[in-house]
Each structure stands twice: as C-alpha cells, then as structure tokens.
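Text of coords-v3.pdb, listed as PDB, C-alpha atoms:
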MODEL        1
ATOM      1  CA  GLY A   1     101.457 127.775  89.832
ATOM      2  CA  CYS A   2     101.447 124.964  92.393
ATOM      3  CA  TYR A   3      97.867 124.104  93.276
ATOM      4  CA  LEU A   4      98.155 120.570  94.718
ATOM      5  CA  LEU A   5     100.772 118.906  96.870
ATOM      6  CA  GLY A   6     100.874 115.134  97.354
ATOM      7  CA  LEU A   7     102.071 114.203 100.824
ATOM      8  CA  GLY A   8     103.563 110.762 101.531
ATOM      9  CA  ILE A   9     101.913 110.441 104.931
ATOM     10  CA  GLU A  10     101.678 106.629 104.855
ATOM     11  CA  SER A  11     100.351 106.026 108.384
ATOM     12  CA  GLY A  12      98.591 107.705 111.251
ATOM     13  CA  VAL A  13     100.548 105.702 113.829
ATOM     14  CA  GLN A  14     104.002 106.876 114.877
ATOM     15  CA  GLU A  15     105.302 103.346 115.511
ATOM     16  CA  ILE A  16     104.415 102.313 111.941
ATOM     17  CA  LEU A  17     106.173 105.413 110.570
ATOM     18  CA  ASP A  18     109.222 104.607 112.691
ATOM     19  CA  ASN A  19     109.229 100.973 111.490
ATOM     20  CA  ALA A  20     109.139 102.263 107.911
ATOM     21  CA  LYS A  21     111.996 104.683 108.700
ATOM     22  CA  LYS A  22     109.934 107.646 107.525
ATOM     23  CA  ASN A  23     111.792 110.161 109.712
ATOM     24  CA  GLN A  24     108.642 112.185 110.242
ATOM     25  CA  THR A  25     106.150 112.649 113.036
ATOM     26  CA  LEU A  26     102.386 112.933 113.052
ATOM     27  CA  ALA A  27     102.898 116.543 114.192
ATOM     28  CA  ASP A  28     105.084 117.149 111.095
ATOM     29  CA  THR A  29     102.224 115.906 108.932
ATOM     30  CA  ARG A  30      99.650 118.115 110.650
ATOM     31  CA  ARG A  31     101.988 121.105 110.249
ATOM     32  CA  ALA A  32     102.576 120.396 106.542
ATOM     33  CA  VAL A  33      98.843 120.167 105.822
ATOM     34  CA  ALA A  34      98.159 123.366 107.794
ATOM     35  CA  LEU A  35     100.916 125.246 105.922
ATOM     36  CA  CYS A  36      99.506 124.138 102.568
ATOM     37  CA  LYS A  37      96.033 125.280 103.596
ATOM     38  CA  LYS A  38      97.417 128.614 104.798
ATOM     39  CA  VAL A  39      98.966 129.402 101.393
ATOM     40  CA  GLY A  40      96.072 127.992  99.353
ATOM     41  CA  ILE A  41      97.632 124.754  98.112
ATOM     42  CA  ARG A  42      95.319 121.747  97.977
ATOM     43  CA  THR A  43      96.538 118.575  99.640
ATOM     44  CA  MET A  44      96.425 114.907  98.720
ATOM     45  CA  GLY A  45      97.529 112.477 101.405
ATOM     46  CA  HIS A  46      98.985 109.131 100.370
ATOM     47  CA  PHE A  47      98.544 106.259 102.856
ATOM     48  CA  ILE A  48      99.924 102.703 102.867
ATOM     49  CA  PHE A  49      98.203  99.882 104.705
ATOM     50  CA  GLY A  50     100.104  96.723 105.616
ATOM     51  CA  LEU A  51     103.497  98.138 106.571
ATOM     52  CA  PRO A  52     105.510  96.193 109.198
ATOM     53  CA  GLY A  53     103.748  96.213 112.561
ATOM     54  CA  GLU A  54     100.302  96.975 111.093
ATOM     55  CA  THR A  55      97.307  95.552 112.963
ATOM     56  CA  ARG A  56      93.564  96.088 112.699
ATOM     57  CA  GLU A  57      93.909  98.687 115.447
ATOM     58  CA  THR A  58      96.717 100.640 113.766
ATOM     59  CA  ALA A  59      94.895 100.545 110.429
ATOM     60  CA  GLU A  60      91.793 101.988 112.081
ATOM     61  CA  LYS A  61      93.925 104.665 113.787
ATOM     62  CA  THR A  62      95.355 105.621 110.398
ATOM     63  CA  ILE A  63      91.852 106.049 109.013
ATOM     64  CA  GLN A  64      90.883 108.235 111.969
ATOM     65  CA  PHE A  65      94.081 110.268 111.514
ATOM     66  CA  LEU A  66      93.512 110.840 107.801
ATOM     67  CA  LEU A  67      89.946 111.957 108.492
ATOM     68  CA  SER A  68      91.228 114.483 111.041
ATOM     69  CA  LEU A  69      93.658 116.188 108.642
ATOM     70  CA  ASP A  70      91.233 118.185 106.465
ATOM     71  CA  LEU A  71      92.901 116.909 103.291
ATOM     72  CA  ASP A  72      91.362 117.783  99.932
ATOM     73  CA  TYR A  73      92.007 114.341  98.477
ATOM     74  CA  MET A  74      93.520 111.092  99.565
ATOM     75  CA  GLN A  75      94.879 107.926  98.029
ATOM     76  CA  SER A  76      95.563 104.651  99.775
ATOM     77  CA  TYR A  77      97.605 101.637  98.816
ATOM     78  CA  CYS A  78      98.529  98.175 100.033
ATOM     79  CA  ALA A  79     102.198  97.802 100.972
ATOM     80  CA  VAL A  80     104.087  95.948  98.249
ATOM     81  CA  PRO A  81     107.316  94.020  98.966
ATOM     82  CA  TYR A  82     109.194  95.085  95.851
ATOM     83  CA  PRO A  83     112.452  93.223  95.296
ATOM     84  CA  LYS A  84     115.641  95.037  96.301
ATOM     85  CA  THR A  85     113.814  97.124  98.920
ATOM     86  CA  GLU A  86     114.163  96.732 102.667
ATOM     87  CA  PHE A  87     110.501  95.771 102.981
ATOM     88  CA  GLY A  88     110.849  93.291 100.112
ATOM     89  CA  ALA A  89     113.846  91.614 101.749
ATOM     90  CA  MET A  90     112.086  91.517 105.125
ATOM     91  CA  ALA A  91     108.899  90.064 103.639
ATOM     92  CA  LYS A  92     110.836  87.402 101.731
ATOM     93  CA  GLN A  93     112.973  86.447 104.738
ATOM     94  CA  LYS A  94     109.929  86.184 107.027
ATOM     95  CA  GLY A  95     107.817  84.296 104.478
ATOM     96  CA  TRP A  96     105.132  86.986 104.257
ATOM     97  CA  ILE A  97     104.753  87.045 100.454
ATOM     98  CA  ARG A  98     101.666  85.144  99.252
ATOM     99  CA  THR A  99     102.236  85.318  95.510
ATOM    100  CA  VAL A 100     104.945  84.807  92.957
ATOM    101  CA  PRO A 101     103.680  86.377  89.704
ATOM    102  CA  TRP A 102     105.150  89.824  89.180
ATOM    103  CA  SER A 103     101.769  91.061  87.885
ATOM    104  CA  GLN A 104     100.427  90.785  91.448
ATOM    105  CA  TYR A 105     102.990  93.295  92.812
ATOM    106  CA  ASP A 106     100.574  96.197  92.386
ATOM    107  CA  PHE A 107     100.351  98.887  95.072
ATOM    108  CA  GLY A 108      96.942  99.884  93.670
ATOM    109  CA  GLY A 109      95.551  96.370  93.902
ATOM    110  CA  THR A 110      94.956  93.846  96.632
ATOM    111  CA  SER A 111      97.511  92.922  99.264
ATOM    112  CA  ILE A 112      99.945  90.054  98.717
ATOM    113  CA  VAL A 113     101.546  90.223 102.178
ATOM    114  CA  ASP A 114     100.528  88.104 105.169
ATOM    115  CA  MET A 115     102.374  89.408 108.235
ATOM    116  CA  LYS A 116     100.290  87.283 110.625
ATOM    117  CA  THR A 117      99.243  90.503 112.446
ATOM    118  CA  LEU A 118      97.003  91.403 109.495
ATOM    119  CA  THR A 119      95.854  89.145 106.661
ATOM    120  CA  PRO A 120      96.096  90.294 103.046
ATOM    121  CA  GLU A 121      92.301  90.437 103.006
ATOM    122  CA  ASP A 122      92.371  92.723 106.056
ATOM    123  CA  VAL A 123      94.927  95.025 104.431
ATOM    124  CA  THR A 124      92.783  95.279 101.306
ATOM    125  CA  PHE A 125      89.688  95.846 103.457
ATOM    126  CA  PHE A 126      91.304  98.766 105.309
ATOM    127  CA  ARG A 127      92.623 100.287 102.085
ATOM    128  CA  GLU A 128      89.094 100.270 100.658
ATOM    129  CA  ARG A 129      87.560 101.370 103.980
ATOM    130  CA  ALA A 130      89.828 104.425 103.994
ATOM    131  CA  PHE A 131      88.510 105.454 100.568
ATOM    132  CA  LYS A 132      84.890 105.023 101.602
ATOM    133  CA  LYS A 133      85.287 106.790 104.941
ATOM    134  CA  PHE A 134      87.082 109.715 103.298
ATOM    135  CA  TYR A 135      85.135 110.258 100.088
ATOM    136  CA  TYR A 136      81.614 109.382 101.311
ATOM    137  CA  ARG A 137      81.510 111.901 104.180
ATOM    138  CA  PRO A 138      78.430 114.094 103.749
ATOM    139  CA  LEU A 139      80.292 117.338 104.551
ATOM    140  CA  TYR A 140      83.093 116.409 102.125
ATOM    141  CA  LEU A 141      80.570 115.704  99.352
ATOM    142  CA  ILE A 142      78.749 118.984  99.977
ATOM    143  CA  LYS A 143      82.058 120.880  99.939
ATOM    144  CA  LYS A 144      83.100 119.298  96.633
ATOM    145  CA  ILE A 145      79.703 119.889  95.014
ATOM    146  CA  LYS A 146      79.948 123.581  95.961
ATOM    147  CA  GLU A 147      83.359 123.733  94.247
ATOM    148  CA  PHE A 148      81.939 122.446  90.948
ATOM    149  CA  SER A 149      81.457 125.016  88.230
ATOM    150  CA  PHE A 150      78.424 124.928  85.958
ATOM    151  CA  HIS A 151      80.663 123.596  83.167
ATOM    152  CA  GLN A 152      81.949 120.759  85.363
ATOM    153  CA  LEU A 153      78.398 119.802  86.397
ATOM    154  CA  PHE A 154      77.328 119.838  82.732
ATOM    155  CA  THR A 155      80.307 117.634  81.766
ATOM    156  CA  LEU A 156      79.603 115.246  84.649
ATOM    157  CA  SER A 157      75.949 115.041  83.600
ATOM    158  CA  LYS A 158      76.929 114.198  80.001
ATOM    159  CA  PHE A 159      79.406 111.572  81.233
ATOM    160  CA  THR A 160      76.801 110.009  83.530
ATOM    161  CA  ARG A 161      74.250 109.795  80.692
ATOM    162  CA  TRP A 162      76.897 108.234  78.442
ATOM    163  CA  MET A 163      77.801 105.640  81.117
ATOM    164  CA  ILE A 164      74.133 104.741  81.603
ATOM    165  CA  SER A 165      73.633 104.364  77.840
ATOM    166  CA  LYS A 166      76.730 102.114  77.614
ATOM    167  CA  LYS A 167      75.447  99.970  80.468
ATOM    168  CA  LYS A 168      72.019  99.647  78.825
ATOM    169  CA  SER A 169      73.497  98.781  75.424
ATOM    170  CA  LYS A 170      75.830  96.235  76.996
ATOM    171  CA  GLY A 171      72.903  94.623  78.829
ATOM    172  CA  ALA A 172      70.815  94.530  75.650
ATOM    173  CA  SER A 173      73.495  92.690  73.686
ATOM    174  CA  VAL A 174      73.930  89.934  76.281
TER     175      VAL A 174
ENDMDL
END

Before we go any further, please render this structure as structure tokens.
Amino acid sequence: GCYLLGLGIESGVQEILDNAKKNQTLADTRRAVALCKKVGIRTMGHFIFGLPGETRETAEKTIQFLLSLDLDYMQSYCAVPYPKTEFGAMAKQKGWIRTVPWSQYDFGGTSIVDMKTLTPEDVTFFRERAFKKFYYRPLYLIKKIKEFSFHQLFTLSKFTRWMISKKKSKGASV
C-alpha cells in the first residue's frame, strides 16, 4: 500500500550533510531513490537551504543534485534554528538569528538566519529557486500531464474556473 516515500535528503553537498550530522552520503541518496523507482514507489525529496556552511555555490549544487535525482516531487525549506536543537544553540551563540517573534520560526517561510556566508534573503531565494527549477521543467510538466486522468483534468478545470470567478468577483467589489 505504500505509494510515496518522503526522503530527508536536505542537501546535495556532502560537506553540508556532514555539518548537519546526517550520517548519509550522496550515493546513499541516489541508491534510495533508485530502489524506490525499481519497486514502483514514488519519491518526494525534502531539502533544507541555509544549514551551517551553506553558500551560494553549495545552494546551487543542491539544486543541481535534486534535479539529477529523478524525484517525483520535492519540497524545500529554510533552515530554522529551533530552540533546544544543536542548530538553534549554534545560531544563538554565533548571533545568526535575525528575529525574536516565535511566529517567524517557520520552516515553510522565509529565512531568519544570517550566517554571513549566505543572507536570509539568499536562503529564501534558493529555496524558491529550487521549486521553480524542479516544477517548471518542460519534461516534468509533460510527464505529470500524461499521468492525469480525465477525472483529474475535469476537476482541475472546474477549480481553475472557480478561482478565476473568485478573482473577478473580488476585483469587482474593490
């Protein structure tokens, strides 16, 4: 009954994985994805930008790595220095945290960590760039469209019409 496996890949750079004490190699990741494909399990890779040691170059390498994996889906996040974690303690001790409100500690939002090797804006940029590079690939889009059933296309069409009508009605009331 398992049809999708989420893989905590986190980075496409071995040094970043080692800094995060992931105890995995890039080869392990490639092997895990290949094994899932072999037995027909879809894969979703989870990636974190802004871990200790991250630079513009390592972030770009991670994007290139994730594109090379033939994943079915991917998700990316900004590293968050949660209290009582090793990263949280390190970020606090080094003065990397740029915010105090707890509401800003959101791994799905923008970065709040400034490590000096990568600004929070850069981390957020690479997180968003990963999404765009992965999901807007022409071959990926064609593959996903081919997987759609008639029912799914019909449902998507109805949803799209509903969204357009909401947007028009919202604009008319302004």

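For the pair CA of Asp72 (chain A) and CA of Gly12 (chain A), the interatomic distance is 16.8 Å.
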
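The coordinates place CA of Ala59 (chain A) at 14.7 Å from CA of Leu26 (chain A).
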
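If only C-alpha atoms are the atoms counted, then among A:Glu86, A:Glu121, A:Glu128, A:Asp70 the closest residue to Val33 (chain A) is A:Asp70.
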
Run the PyMOL selection byres ((chain A and resi 46) around 12) on the file and write out the hits as a PyMOL selection string.
chain A and resi 5-12+29+43-45+47-49+62-63+66+71-79+107-108+127+130-131

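Residue membership of the PyMOL selection byres ((chain A and resi 41) around 7) in the shown file amounts to Cys2, Tyr3, Leu4, Leu5, Cys36, Lys37, Val39, Gly40, Arg42 and Thr43 of chain A.
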
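Between CA of Val123 (chain A) and CA of Lys144 (chain A) there is a distance of 28.1 Å.
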
Exactly which residues make up the result of the PyMOL selection byres ((chain A and resi 19) around 12) on this file, given as number ranges by chain?
A: 10-11, 13-18, 20-24, 50-54, 86-87, 90

Tell me, as an NGL selection string, which residues lie within 8 Å of Arg56 (chain A), counting only C-alpha atoms; anything in the same chain fewer than 6 positions away does not count.
:A and (117-118 or 122)

Preceding selection exported with C-alpha atoms as a short mmCIF file (atom, residue, chain, number, x, y, z; two decimals), keeping the file's coordinate frame:
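What landed in again20.cif:
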data_model
loop_
_atom_site.label_atom_id
_atom_site.label_comp_id
_atom_site.auth_asym_id
_atom_site.auth_seq_id
_atom_site.Cartn_x
_atom_site.Cartn_y
_atom_site.Cartn_z
CA THR A 117 99.24 90.50 112.45
CA LEU A 118 97.00 91.40 109.50
CA ASP A 122 92.37 92.72 106.06
#

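Counting only C-alpha atoms and comparing A:Arg98, A:Arg31, A:Lys38, A:Lys61, the residue that lies closest to Pro120 (chain A) is A:Arg98.
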
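Taking all atoms listed in the file into account, Val80 (chain A) lies nearest to A:Ser111 out of the set A:Thr124, A:Thr160, A:Thr119, A:Ser111.
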